[in-house]
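To be precise, the following lines are start.txt, and they hold compact mmCIF, C-alpha atoms.
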```
# COMPACT_ATOMS: atom_id res chain seq x y z
CA MET A 15 35.76 -15.22 -38.17
CA GLN A 16 34.42 -12.42 -40.38
CA ALA A 17 30.95 -13.97 -40.33
CA ALA A 18 30.98 -14.03 -36.50
CA ASN A 19 31.95 -10.34 -36.38
CA ASP A 20 29.27 -9.48 -38.94
CA LEU A 21 26.63 -11.42 -37.01
CA ARG A 22 27.60 -9.72 -33.74
CA ARG A 23 27.27 -6.32 -35.43
CA CYS A 24 23.85 -7.35 -36.77
CA LEU A 25 22.77 -8.47 -33.31
CA GLU A 26 23.92 -5.21 -31.71
CA THR A 27 22.24 -3.00 -34.32
CA CYS A 28 19.25 -5.29 -34.93
CA ASP A 29 20.11 -5.33 -38.64
CA VAL A 30 17.72 -7.90 -40.10
CA ASP A 31 18.94 -7.64 -43.70
CA GLY A 32 22.57 -8.04 -42.60
CA ALA A 33 21.71 -11.03 -40.43
CA VAL A 34 19.85 -12.70 -43.31
CA SER A 35 22.86 -12.08 -45.55
CA VAL A 36 25.21 -13.67 -42.98
CA TRP A 37 22.78 -16.58 -42.58
CA ARG A 38 22.79 -17.21 -46.33
CA LYS A 39 26.62 -17.18 -46.44
CA VAL A 40 27.11 -19.45 -43.43
CA ASN A 41 24.14 -21.78 -43.95
CA PRO A 42 23.32 -21.79 -47.69
CA HIS A 43 21.75 -25.24 -47.35
CA LEU A 44 19.22 -24.08 -44.71
CA PRO A 45 16.16 -21.90 -45.26
CA VAL A 46 16.09 -18.41 -43.78
CA PRO A 47 13.86 -18.27 -40.66
CA SER A 48 10.26 -17.37 -41.49
CA ASP A 49 10.39 -14.38 -39.12
CA PRO A 50 13.98 -13.13 -39.21
CA LEU A 51 13.28 -10.19 -36.87
CA ALA A 52 11.94 -12.51 -34.16
CA ALA A 53 14.88 -14.88 -34.70
CA LEU A 54 17.27 -11.94 -34.34
CA HIS A 55 15.64 -10.86 -31.07
CA MET A 56 15.79 -14.45 -29.76
CA ALA A 57 19.46 -14.63 -30.66
CA ARG A 58 20.09 -11.32 -28.87
CA THR A 59 18.50 -12.59 -25.66
CA SER A 60 20.65 -15.71 -25.61
CA SER A 61 23.97 -14.10 -26.60
CA GLU A 62 26.21 -13.42 -23.61
CA SER A 63 28.40 -11.04 -25.64
CA ILE A 64 25.52 -8.58 -26.17
CA PRO A 65 25.06 -5.85 -23.51
CA LEU A 66 22.21 -6.38 -21.03
CA LYS A 67 20.31 -3.29 -22.17
CA LEU A 68 20.01 -4.69 -25.72
CA ARG A 69 19.17 -8.18 -24.46
CA ALA A 70 16.53 -6.69 -22.15
CA TYR A 71 14.96 -4.76 -25.02
CA SER A 72 14.75 -7.93 -27.12
CA HIS A 73 13.31 -9.84 -24.15
CA LYS A 74 10.58 -7.21 -23.81
CA TRP A 75 9.94 -7.21 -27.57
CA LEU A 76 9.50 -10.98 -27.62
CA ILE A 77 7.30 -11.15 -24.50
CA GLU A 78 4.99 -8.40 -25.81
CA ARG A 79 4.35 -10.50 -28.90
CA GLY A 80 3.83 -13.77 -27.04
CA LEU A 81 7.10 -15.23 -28.31
CA PRO A 82 9.59 -17.13 -26.17
CA SER A 83 12.59 -15.28 -24.80
CA LEU A 84 15.89 -17.07 -24.33
CA LEU A 85 17.07 -14.64 -21.66
CA PRO A 86 18.41 -16.62 -18.67
CA ASP A 87 16.25 -16.58 -15.54
CA LYS A 88 18.88 -14.73 -13.51
CA LEU A 89 18.70 -11.77 -15.96
CA ARG A 90 14.92 -11.54 -16.30
CA GLN A 91 14.32 -9.42 -13.20
CA PRO A 92 17.02 -6.83 -14.09
CA ALA A 93 15.71 -6.79 -17.67
CA GLU A 94 12.16 -6.14 -16.54
CA ARG A 95 13.37 -3.24 -14.41
CA LEU A 96 15.01 -1.70 -17.49
CA TYR A 97 11.86 -2.10 -19.60
CA PRO A 98 8.86 -2.41 -17.26
CA VAL A 99 5.47 -3.68 -18.37
CA VAL A 100 2.96 -0.94 -19.18
CA ALA A 101 -0.47 -1.81 -17.84
CA GLN A 102 -3.40 -0.46 -19.81
CA THR A 103 -6.76 0.18 -18.24
CA VAL A 104 -10.16 1.37 -19.37
CA GLY A 105 -12.65 3.04 -17.07
CA ILE A 106 -16.36 2.45 -17.64
CA SER A 107 -18.96 4.41 -15.70
CA VAL A 108 -22.70 4.23 -16.34
CA ASN A 109 -24.82 6.30 -13.96
CA TYR A 110 -28.54 6.90 -13.79
CA THR A 111 -30.03 8.92 -10.93
CA ASN A 112 -33.33 7.01 -11.03
CA LYS A 113 -32.89 3.60 -9.34
CA ILE A 114 -35.49 2.08 -11.68
CA PHE A 115 -32.85 2.22 -14.42
CA ALA A 116 -30.28 0.20 -12.43
CA PRO A 117 -30.86 -2.97 -14.51
CA VAL A 118 -30.53 -0.93 -17.71
CA ALA A 119 -27.29 0.62 -16.44
CA GLU A 120 -25.90 -2.83 -15.64
CA LEU A 121 -26.70 -4.15 -19.14
CA VAL A 122 -25.21 -1.05 -20.78
CA ARG A 123 -22.06 -1.33 -18.67
CA GLY A 124 -21.78 -5.03 -19.54
CA SER A 125 -22.05 -4.34 -23.27
CA MET A 126 -19.38 -1.63 -23.01
CA GLU A 127 -17.10 -3.99 -21.08
CA TYR A 128 -17.58 -6.71 -23.68
CA ALA A 129 -16.74 -4.22 -26.47
CA VAL A 130 -13.50 -3.26 -24.70
CA LEU A 131 -12.50 -6.90 -24.19
CA GLU A 132 -13.32 -7.72 -27.79
CA THR A 133 -11.32 -4.72 -29.04
CA PHE A 134 -8.32 -5.72 -26.92
CA GLY A 135 -8.75 -9.30 -28.17
CA ASP A 136 -8.45 -7.98 -31.74
CA GLY A 137 -5.08 -6.53 -30.74
CA GLU A 138 -6.30 -2.93 -30.96
CA ARG A 139 -5.06 -0.72 -28.11
CA ASP A 140 -5.49 2.76 -29.56
CA PRO A 141 -7.62 4.68 -27.01
CA SER A 142 -9.66 6.47 -29.68
CA VAL A 143 -10.62 3.15 -31.30
CA VAL A 144 -11.40 1.52 -27.95
CA LYS A 145 -13.58 4.47 -26.91
CA ALA A 146 -15.41 4.54 -30.25
CA ARG A 147 -16.26 0.82 -30.06
CA MET A 148 -17.27 1.17 -26.42
CA MET A 149 -19.65 4.05 -27.23
CA GLU A 150 -21.08 2.13 -30.21
CA ALA A 151 -21.90 -0.74 -27.86
CA LYS A 152 -23.49 1.64 -25.36
CA ASN A 153 -25.68 3.27 -28.03
CA ARG A 154 -26.65 -0.06 -29.59
CA THR A 155 -27.65 -1.49 -26.20
CA LEU A 156 -29.63 1.60 -25.21
CA LYS A 157 -31.44 1.53 -28.54
CA LYS A 158 -32.38 -2.13 -28.01
CA LEU A 159 -33.50 -1.63 -24.42
CA VAL A 160 -35.19 1.77 -24.55
CA GLY A 161 -35.92 2.26 -28.23
CA ALA A 162 -34.91 4.67 -30.93
CA ALA A 163 -37.56 7.26 -30.00
CA VAL A 164 -36.23 7.66 -26.47
CA HIS A 165 -32.49 7.36 -27.14
CA LYS A 166 -31.13 10.23 -29.21
CA GLU A 167 -27.40 10.48 -29.81
```
I need this file expressed as structure tokens, please.
Amino acid sequence: MQAANDLRRCLETCDVDGAVSVWRKVNPHLPVPSDPLAALHMARTSSESIPLKLRAYSHKWLIERGLPSLLPDKLRQPAERLYPVVAQTVGISVNYTNKIFAPVAELVRGSMEYAVLETFGDGERDPSVVKARMMEAKNRTLKKLVGAAVHKE
């Protein structure tokens, strides 16, 4: 009974070290999960004795990392209201007053878009990093299309 109380406390406080200790006492013949923090969050989502706010947080934590959540379907909508999804966007605007440069503008915009998608694909969301990579792509494309003599940074 003590182990159950200790595990519940670990689930409520998200105490990874405590949960691993309880695991080793209760299941000495089994290996500790490779990602104990993820296992703890999964256990929180499935445990009916844990308050919804904590279960919802763990649900969000797991979903953000592409891991499965064990939160029942009937609780997913209330959980997502507690911790809504934050949508990130990036605005790209390339303008040239001379219509002759429209194809250049389109290629520059495309290279900037690709840089943003590639940066997001690397898991990097910091706006300063995204902007820096986007501007590098813009400058690199302009240099290729127009030349170093015309394009000065």
Can you list, as a list in words, every protein, DNA or RNA residue that comes within 12 Å of Arg95 of chain A when you count all atoms listed in the file, leaving out same-chain residues fewer than 6 positions away?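 Answer for this query is Leu66, Lys67, Ala70, Tyr71, His73, Lys74 and Leu89 of chain A.
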Of the listed residues A:Arg38, A:Arg90, A:Lys152, A:His55, that which approaches Glu120 of chain A most closely, counting only C-alpha atoms: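 Closest to Glu120 of chain A, using only C-alpha atoms: A:Lys152.
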Within 8 Å of segment 49-53 of chain A, counting only C-alpha atoms, which residues qualify if same-chain residues fewer than 5 places away don't, as number ranges by chain? A: 28, 30, 34, 76
Just how far from atom CA of Leu159 of chain A is atom CA of Ala119 of chain A, in Å to one decimal?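 Result for atom CA of Ala119 of chain A versus atom CA of Leu159 of chain A: 10.4 Å, one decimal.
When atom CA of Ser83 of chain A is paired with atom CA of Tyr97 of chain A, their separation reads 14.2 Å.
What separates atom CA of Asp29 of chain A from atom CA of Asp140 of chain A is a distance of 28.3 Å.
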Just want the 12 Å neighbourhood of Asn109 of chain A, counted on only C-alpha atoms, with same-chain residues fewer than 5 positions away dropped. Output as a list in words.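 Near Asn109 of chain A, the qualifying residues are Ile114, Phe115, Ala116, Pro117, Val118, Ala119, Glu120, Leu121, Val122 and Arg123 of chain A.
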Selection from above, C-alpha atoms, as a PDB file, in the coordinates of the input, can you write it?
```pdb
ATOM      1  CA  ILE A 114     -35.490   2.080 -11.680  1.00  0.00           C
ATOM      2  CA  PHE A 115     -32.850   2.220 -14.420  1.00  0.00           C
ATOM      3  CA  ALA A 116     -30.280   0.200 -12.430  1.00  0.00           C
ATOM      4  CA  PRO A 117     -30.860  -2.970 -14.510  1.00  0.00           C
ATOM      5  CA  VAL A 118     -30.530  -0.930 -17.710  1.00  0.00           C
ATOM      6  CA  ALA A 119     -27.290   0.620 -16.440  1.00  0.00           C
ATOM      7  CA  GLU A 120     -25.900  -2.830 -15.640  1.00  0.00           C
ATOM      8  CA  LEU A 121     -26.700  -4.150 -19.140  1.00  0.00           C
ATOM      9  CA  VAL A 122     -25.210  -1.050 -20.780  1.00  0.00           C
ATOM     10  CA  ARG A 123     -22.060  -1.330 -18.670  1.00  0.00           C
TER      11      ARG A 123
END
```
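Between Thr155 of chain A and the candidates A:Pro65, A:Gly105, A:Gly124, A:Pro42, the tightest atom-to-atom separation, counting all atoms listed in the file, involves A:Gly124.
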Residues within 10 Å of Ile106 of chain A, please, as an MDAnalysis selection string. Count all atoms listed in the file; anything in the same chain fewer than 4 positions from it doesn't count. chainID A and resid 123:124 126:127 130 145 148
Write a file of the just-selected residues containing C-alpha atoms, as a compact mmCIF listing (two decimals), in the frame of the given file.
```txt
# COMPACT_ATOMS: atom_id res chain seq x y z
CA ARG A 123 -22.06 -1.33 -18.67
CA GLY A 124 -21.78 -5.03 -19.54
CA MET A 126 -19.38 -1.63 -23.01
CA GLU A 127 -17.10 -3.99 -21.08
CA VAL A 130 -13.50 -3.26 -24.70
CA LYS A 145 -13.58 4.47 -26.91
CA MET A 148 -17.27 1.17 -26.42
```
Measuring between only C-alpha atoms, which one of A:Met15, A:Leu54, A:Leu96, A:Val108 shows the shortest distance to Thr27 of chain A? A:Leu54
